[in-house]
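Enquirer: Okay, handing you the structure first.
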Amino acid sequence: MGISKKGESDMLINVVENIDKLVVRFPGGMREVNCYLLKGDNGYTVIDTGTYTKEAMDTWKTFLESGVVVEKVVLTHTHQDHIGLAKWFQEQIGVPVFTSRRGYTEMLKGRNFKSSKEKLDGLIKRHGGEGLPDRLHDDSIIYDFEPDGFFEENDIIQLGNHDYKVIWAPGHAPDQYMFYQTNRKVMIVGDHILNNISPVIGLWNGEETNPMKEYYQSLEILKNYPTEIALPGHSEVILDFDSRVQWIKDRHDYRLDQLLGYMTENGKSANELSKEIYGPINPAFLLSPFMATLTRLIYLESLGYIRRVEENGKVLFGSLTT
Ligand SMILES: [Zn+2]
C-alpha cells in the first residue's frame with residue numbers, strides 16, 4: 001500500500017465558485033486560521049497566511065509543491081495568525097504582499113517589540129492584572145518587511161478575477177479590513193465576525209482607546225452590504241450572516257448589562273471583574289477575558305454609565321455616585 005502525497009486538491013475546501021479555503025494549523029493561540037484562495041487568470045490571490053511557525057510553513061510548502069501559482073498575498077489585518085508568513089511569502093516564495101496603508105503605518109513601521117511589550121504590561125498592571133506572562137516572545141521578525149503595495153478604505157481591488165470593495169471595520173483590530181464582492185454578495189470578513197466565537201475586542205498595543213465603540217459602529221456598517229456568504233478568519237463560513245451579526249451584538253449588549261450589575265460604589269478593577277464574570281480561565285487565553293472586560297468598561301465609562309476611580313496608579317470602575 002503506497003502513501004499518496006497530499007496535493008492541492010486534498011487540502012482545499014471549496015466555499016463558493018473560484019474561492020477555496022485552506023485551513024492552516026499551528027500550535028498555540030487560535031490553533032488554526034482560514035486562508036482563502038481566489039482563483040484568477042494570473043494565479044491565486046491568497047488572503048491571510050497563518051502564524052510564523054514550522055507547522056504553518058509546512059502546510060504552505062506542501063500546497064505550493066503541487067505547482068500552483070500564487071499571484072499575491074492580501075491581508076485582512078496584521079494580527080500574528082494572519083500576517084505571520086507574509087514576509088516569508090515575499091522573501092522565500094517571491095510573491096508580492098499587500099497590506100492596508102493603516103496597518104503598515106500603525107503596526108509595521110517603526111514597530112518596537114520592547115516598548116510595546118512594556119506599554120501592554122503597564123496597561124494590564126494598571127487595571128489590576130499581574131502583567132504579561134514571561135513566555136511572550138519577540139515577534140518583530142514577522143513585521144519587519146516592506147509590503148509591495150497598499151489598499152485603503154473604499155478602494156476597489158482585484159482579488160482573483162473579481163473586483164472587491166475595501167471596507168474598514170475597526171474594533172477587533174484597529175486595522176481590520178473586509179473585502180466585499182457586490183455581484184455575488186460575498187464578504188471576506190477577517191475576524192470582524194466569526195461563526196463560533198465572539199471576536200475578542202482588546203487593547204493589544206497597550207494604548208487605552210475605545211475599540212468597543214468602534215466595533216459597534218463597524219457592526220452598523222454591515223447593513224449597507226447584503227451578504228449571502230461571509231468568509232471569516234476562523235471556523236466555518238457564515239451563511240446566515242445577518243442573524244450571526246445580531247447574535248454577536250446581542251451578546252455584547254448582554255455582557256454590558258451584566259457588568260453594570262457587578263458595579264459597586266467603591267469600584268473594582270477590570271481584572272477583578274473579569275474573574276467574577278468569566279471564572280477560571282484556560283491559561284492559553286488568559287488575557288482575552290481581561291481584555292474583553294476592560295474594553296467594555298471603557299465603553300460604559302464613555303457612555304457615562306460608570307465612573308473611573310484612580311488611586312496610586314491603579315484604576316477601578318464603579319457605579320455613579322448619586
Ligand atoms: Zn485577529
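Going through the C-alpha cells in order, the chains are called A, B, and so on, while each chain numbers its residues from 1 and the ligands are numbered from 1 in the order shown.
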Could you pull out all residues of range 154-275 of chain A with a DSSP call of helix (DSSP H, G or I) and give them as a ChimeraX atom specification?
Expert: /A:211-224,241-261,270-275
Enquirer: Write a file of the just-selected residues containing C-alpha atoms, as a CSV table (one decimal), in the first residue's frame.
Expert:
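The file below, result-v7.csv, is the result:
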```
chain,number,residue,atom,x,y,z
A,211,PRO,CA,-12.4,49.9,20.4
A,212,MET,CA,-15.8,48.7,21.7
A,213,LYS,CA,-17.3,51.9,20.5
A,214,GLU,CA,-15.6,51.4,17.1
A,215,TYR,CA,-16.7,47.8,17.0
A,216,TYR,CA,-20.4,48.7,17.5
A,217,GLN,CA,-20.0,51.3,14.7
A,218,SER,CA,-18.4,48.7,12.4
A,219,LEU,CA,-21.3,46.3,13.0
A,220,GLU,CA,-23.7,49.0,11.8
A,221,ILE,CA,-21.7,49.4,8.6
A,222,LEU,CA,-22.6,45.8,7.6
A,223,LYS,CA,-26.2,46.8,7.0
A,224,ASN,CA,-25.0,48.5,3.8
A,241,PHE,CA,-24.8,36.5,8.2
A,242,ASP,CA,-27.4,38.9,9.5
A,243,SER,CA,-28.5,36.7,12.3
A,244,ARG,CA,-24.9,36.0,13.2
A,245,VAL,CA,-24.2,39.7,13.4
A,246,GLN,CA,-27.3,40.2,15.5
A,247,TRP,CA,-26.2,37.4,17.9
A,248,ILE,CA,-22.8,38.9,18.4
A,249,LYS,CA,-24.3,42.4,19.0
A,250,ASP,CA,-26.9,40.9,21.5
A,251,ARG,CA,-24.1,39.1,23.3
A,252,HIS,CA,-22.1,42.3,23.8
A,253,ASP,CA,-25.3,44.1,25.0
A,254,TYR,CA,-25.8,41.2,27.5
A,255,ARG,CA,-22.2,41.4,28.8
A,256,LEU,CA,-22.5,45.2,29.2
A,257,ASP,CA,-25.7,44.8,31.2
A,258,GLN,CA,-24.0,42.1,33.2
A,259,LEU,CA,-21.0,44.3,34.0
A,260,LEU,CA,-23.4,47.1,35.2
A,261,GLY,CA,-24.9,44.6,37.6
A,270,ALA,CA,-11.0,45.2,35.2
A,271,ASN,CA,-9.1,42.1,36.3
A,272,GLU,CA,-11.4,41.5,39.3
A,273,LEU,CA,-14.5,42.0,37.2
A,274,SER,CA,-13.2,39.7,34.5
A,275,LYS,CA,-12.6,36.9,37.1
```
Enquirer: Enumerate, in order of chain and increasing residue number, the residues of range 105-207 of chain A with an atom no farther than 10 Å from range 51-68 of chain A, each with its shortest atom pair and distance in Å to one decimal, counting only C-alpha atoms, as a Markdown table.
Expert:
```
| residue | atom | partner | partner_atom | distance |
| --- | --- | --- | --- | --- |
| A:Asp139 | CA | A:Tyr52 | CA | 8.9 |
| A:Ile141 | CA | A:Tyr52 | CA | 9.1 |
| A:Ile142 | CA | A:Tyr52 | CA | 7.0 |
```
Enquirer: Output the selection as a tab-separated table (two decimals), in the first residue's frame - N, CA and C atoms for each residue.
Expert:
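Result written to selection18.tsv:
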```tsv
chain	number	residue	atom	x	y	z
A	139	ASP	N	8.20	39.04	18.49
A	139	ASP	CA	7.62	38.72	17.18
A	139	ASP	C	8.02	39.74	16.10
A	141	ILE	N	10.29	39.92	13.98
A	141	ILE	CA	10.73	39.42	12.67
A	141	ILE	C	9.61	39.36	11.64
A	142	ILE	N	8.39	39.01	12.10
A	142	ILE	CA	7.31	38.85	11.11
A	142	ILE	C	6.80	40.20	10.60
```
Enquirer: Between A:Gly110, A:Pro232, A:Gly160, A:Pro133, which one has atoms that come closest to ligand 1, using only C-alpha atoms and all ligand atoms?
Expert: A:Pro232
Enquirer: May I ask you to write as a list of chain:residue names all residues lying at most 9 Å from ligand 1, with only C-alpha atoms and all ligand atoms counted?
Expert: A:Thr76, A:His77, A:Thr78, A:His79, A:Gln80, A:Asp81, A:His82, A:His172, A:Ala173, A:Gln176, A:Gly190, A:Asp191, A:His192, A:Pro199, A:Val200, A:Gly233
Enquirer: If you keep N, CA and C atoms, can you produce a file of those selected residues as a PDB file, in the first residue's frame?
Expert:
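What ended up in out-v1.pdb:
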```pdb
ATOM      1  N   THR A  76      -6.074  40.737   5.747  1.00  0.00           N
ATOM      2  CA  THR A  76      -7.263  41.386   6.310  1.00  0.00           C
ATOM      3  C   THR A  76      -6.896  42.282   7.495  1.00  0.00           C
ATOM      4  N   HIS A  77      -5.913  41.858   8.283  1.00  0.00           N
ATOM      5  CA  HIS A  77      -5.383  42.667   9.381  1.00  0.00           C
ATOM      6  C   HIS A  77      -4.036  42.087   9.805  1.00  0.00           C
ATOM      7  N   THR A  78      -3.362  42.772  10.722  1.00  0.00           N
ATOM      8  CA  THR A  78      -1.967  42.392  10.987  1.00  0.00           C
ATOM      9  C   THR A  78      -1.774  41.610  12.293  1.00  0.00           C
ATOM     10  N   HIS A  79      -2.825  40.954  12.801  1.00  0.00           N
ATOM     11  CA  HIS A  79      -2.603  40.034  13.923  1.00  0.00           C
ATOM     12  C   HIS A  79      -1.706  38.890  13.441  1.00  0.00           C
ATOM     13  N   GLN A  80      -0.888  38.393  14.382  1.00  0.00           N
ATOM     14  CA  GLN A  80       0.126  37.379  14.059  1.00  0.00           C
ATOM     15  C   GLN A  80      -0.354  36.200  13.217  1.00  0.00           C
ATOM     16  N   ASP A  81      -1.554  35.686  13.557  1.00  0.00           N
ATOM     17  CA  ASP A  81      -2.033  34.495  12.858  1.00  0.00           C
ATOM     18  C   ASP A  81      -2.459  34.796  11.409  1.00  0.00           C
ATOM     19  N   HIS A  82      -2.546  36.064  11.067  1.00  0.00           N
ATOM     20  CA  HIS A  82      -2.921  36.428   9.693  1.00  0.00           C
ATOM     21  C   HIS A  82      -1.711  36.893   8.873  1.00  0.00           C
ATOM     22  N   HIS A 172     -12.089  44.762  16.446  1.00  0.00           N
ATOM     23  CA  HIS A 172     -11.249  43.599  16.777  1.00  0.00           C
ATOM     24  C   HIS A 172      -9.774  43.954  16.605  1.00  0.00           C
ATOM     25  N   ALA A 173      -9.475  44.691  15.567  1.00  0.00           N
ATOM     26  CA  ALA A 173      -8.129  45.246  15.347  1.00  0.00           C
ATOM     27  C   ALA A 173      -8.313  46.654  14.788  1.00  0.00           C
ATOM     28  N   GLN A 176      -8.499  46.351  10.962  1.00  0.00           N
ATOM     29  CA  GLN A 176      -9.308  45.254  10.401  1.00  0.00           C
ATOM     30  C   GLN A 176     -10.007  45.730   9.124  1.00  0.00           C
ATOM     31  N   GLY A 190     -12.478  38.713   7.577  1.00  0.00           N
ATOM     32  CA  GLY A 190     -11.375  38.695   8.547  1.00  0.00           C
ATOM     33  C   GLY A 190     -11.896  38.203   9.884  1.00  0.00           C
ATOM     34  N   ASP A 191     -11.519  38.848  10.969  1.00  0.00           N
ATOM     35  CA  ASP A 191     -12.012  38.446  12.289  1.00  0.00           C
ATOM     36  C   ASP A 191     -13.077  39.397  12.812  1.00  0.00           C
ATOM     37  N   HIS A 192     -13.676  40.182  11.927  1.00  0.00           N
ATOM     38  CA  HIS A 192     -14.719  41.114  12.391  1.00  0.00           C
ATOM     39  C   HIS A 192     -15.943  40.345  12.899  1.00  0.00           C
ATOM     40  N   PRO A 199     -15.662  37.642  18.413  1.00  0.00           N
ATOM     41  CA  PRO A 199     -14.265  38.095  18.306  1.00  0.00           C
ATOM     42  C   PRO A 199     -13.872  38.960  19.506  1.00  0.00           C
ATOM     43  N   VAL A 200     -12.673  38.734  20.019  1.00  0.00           N
ATOM     44  CA  VAL A 200     -12.223  39.482  21.194  1.00  0.00           C
ATOM     45  C   VAL A 200     -11.912  40.925  20.797  1.00  0.00           C
ATOM     46  N   GLY A 233     -12.080  34.591   9.314  1.00  0.00           N
ATOM     47  CA  GLY A 233     -10.698  34.183   9.534  1.00  0.00           C
ATOM     48  C   GLY A 233     -10.537  32.893  10.333  1.00  0.00           C
TER      49      GLY A 233
END
```
Enquirer: When distances are computed from only C-alpha atoms, which of A:Thr264, A:Gln158, A:Thr293, A:Ser288 shows the smallest separation from Ile306 in chain A?
Expert: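 Nearest candidate to Ile306 in chain A out of A:Thr264, A:Gln158, A:Thr293, A:Ser288: A:Thr264.
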Enquirer: One number please: CA of Val16 in chain A to CA of Glu236 in chain A, in Å, one decimal.
Expert: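 It comes out at 12.9 Å.
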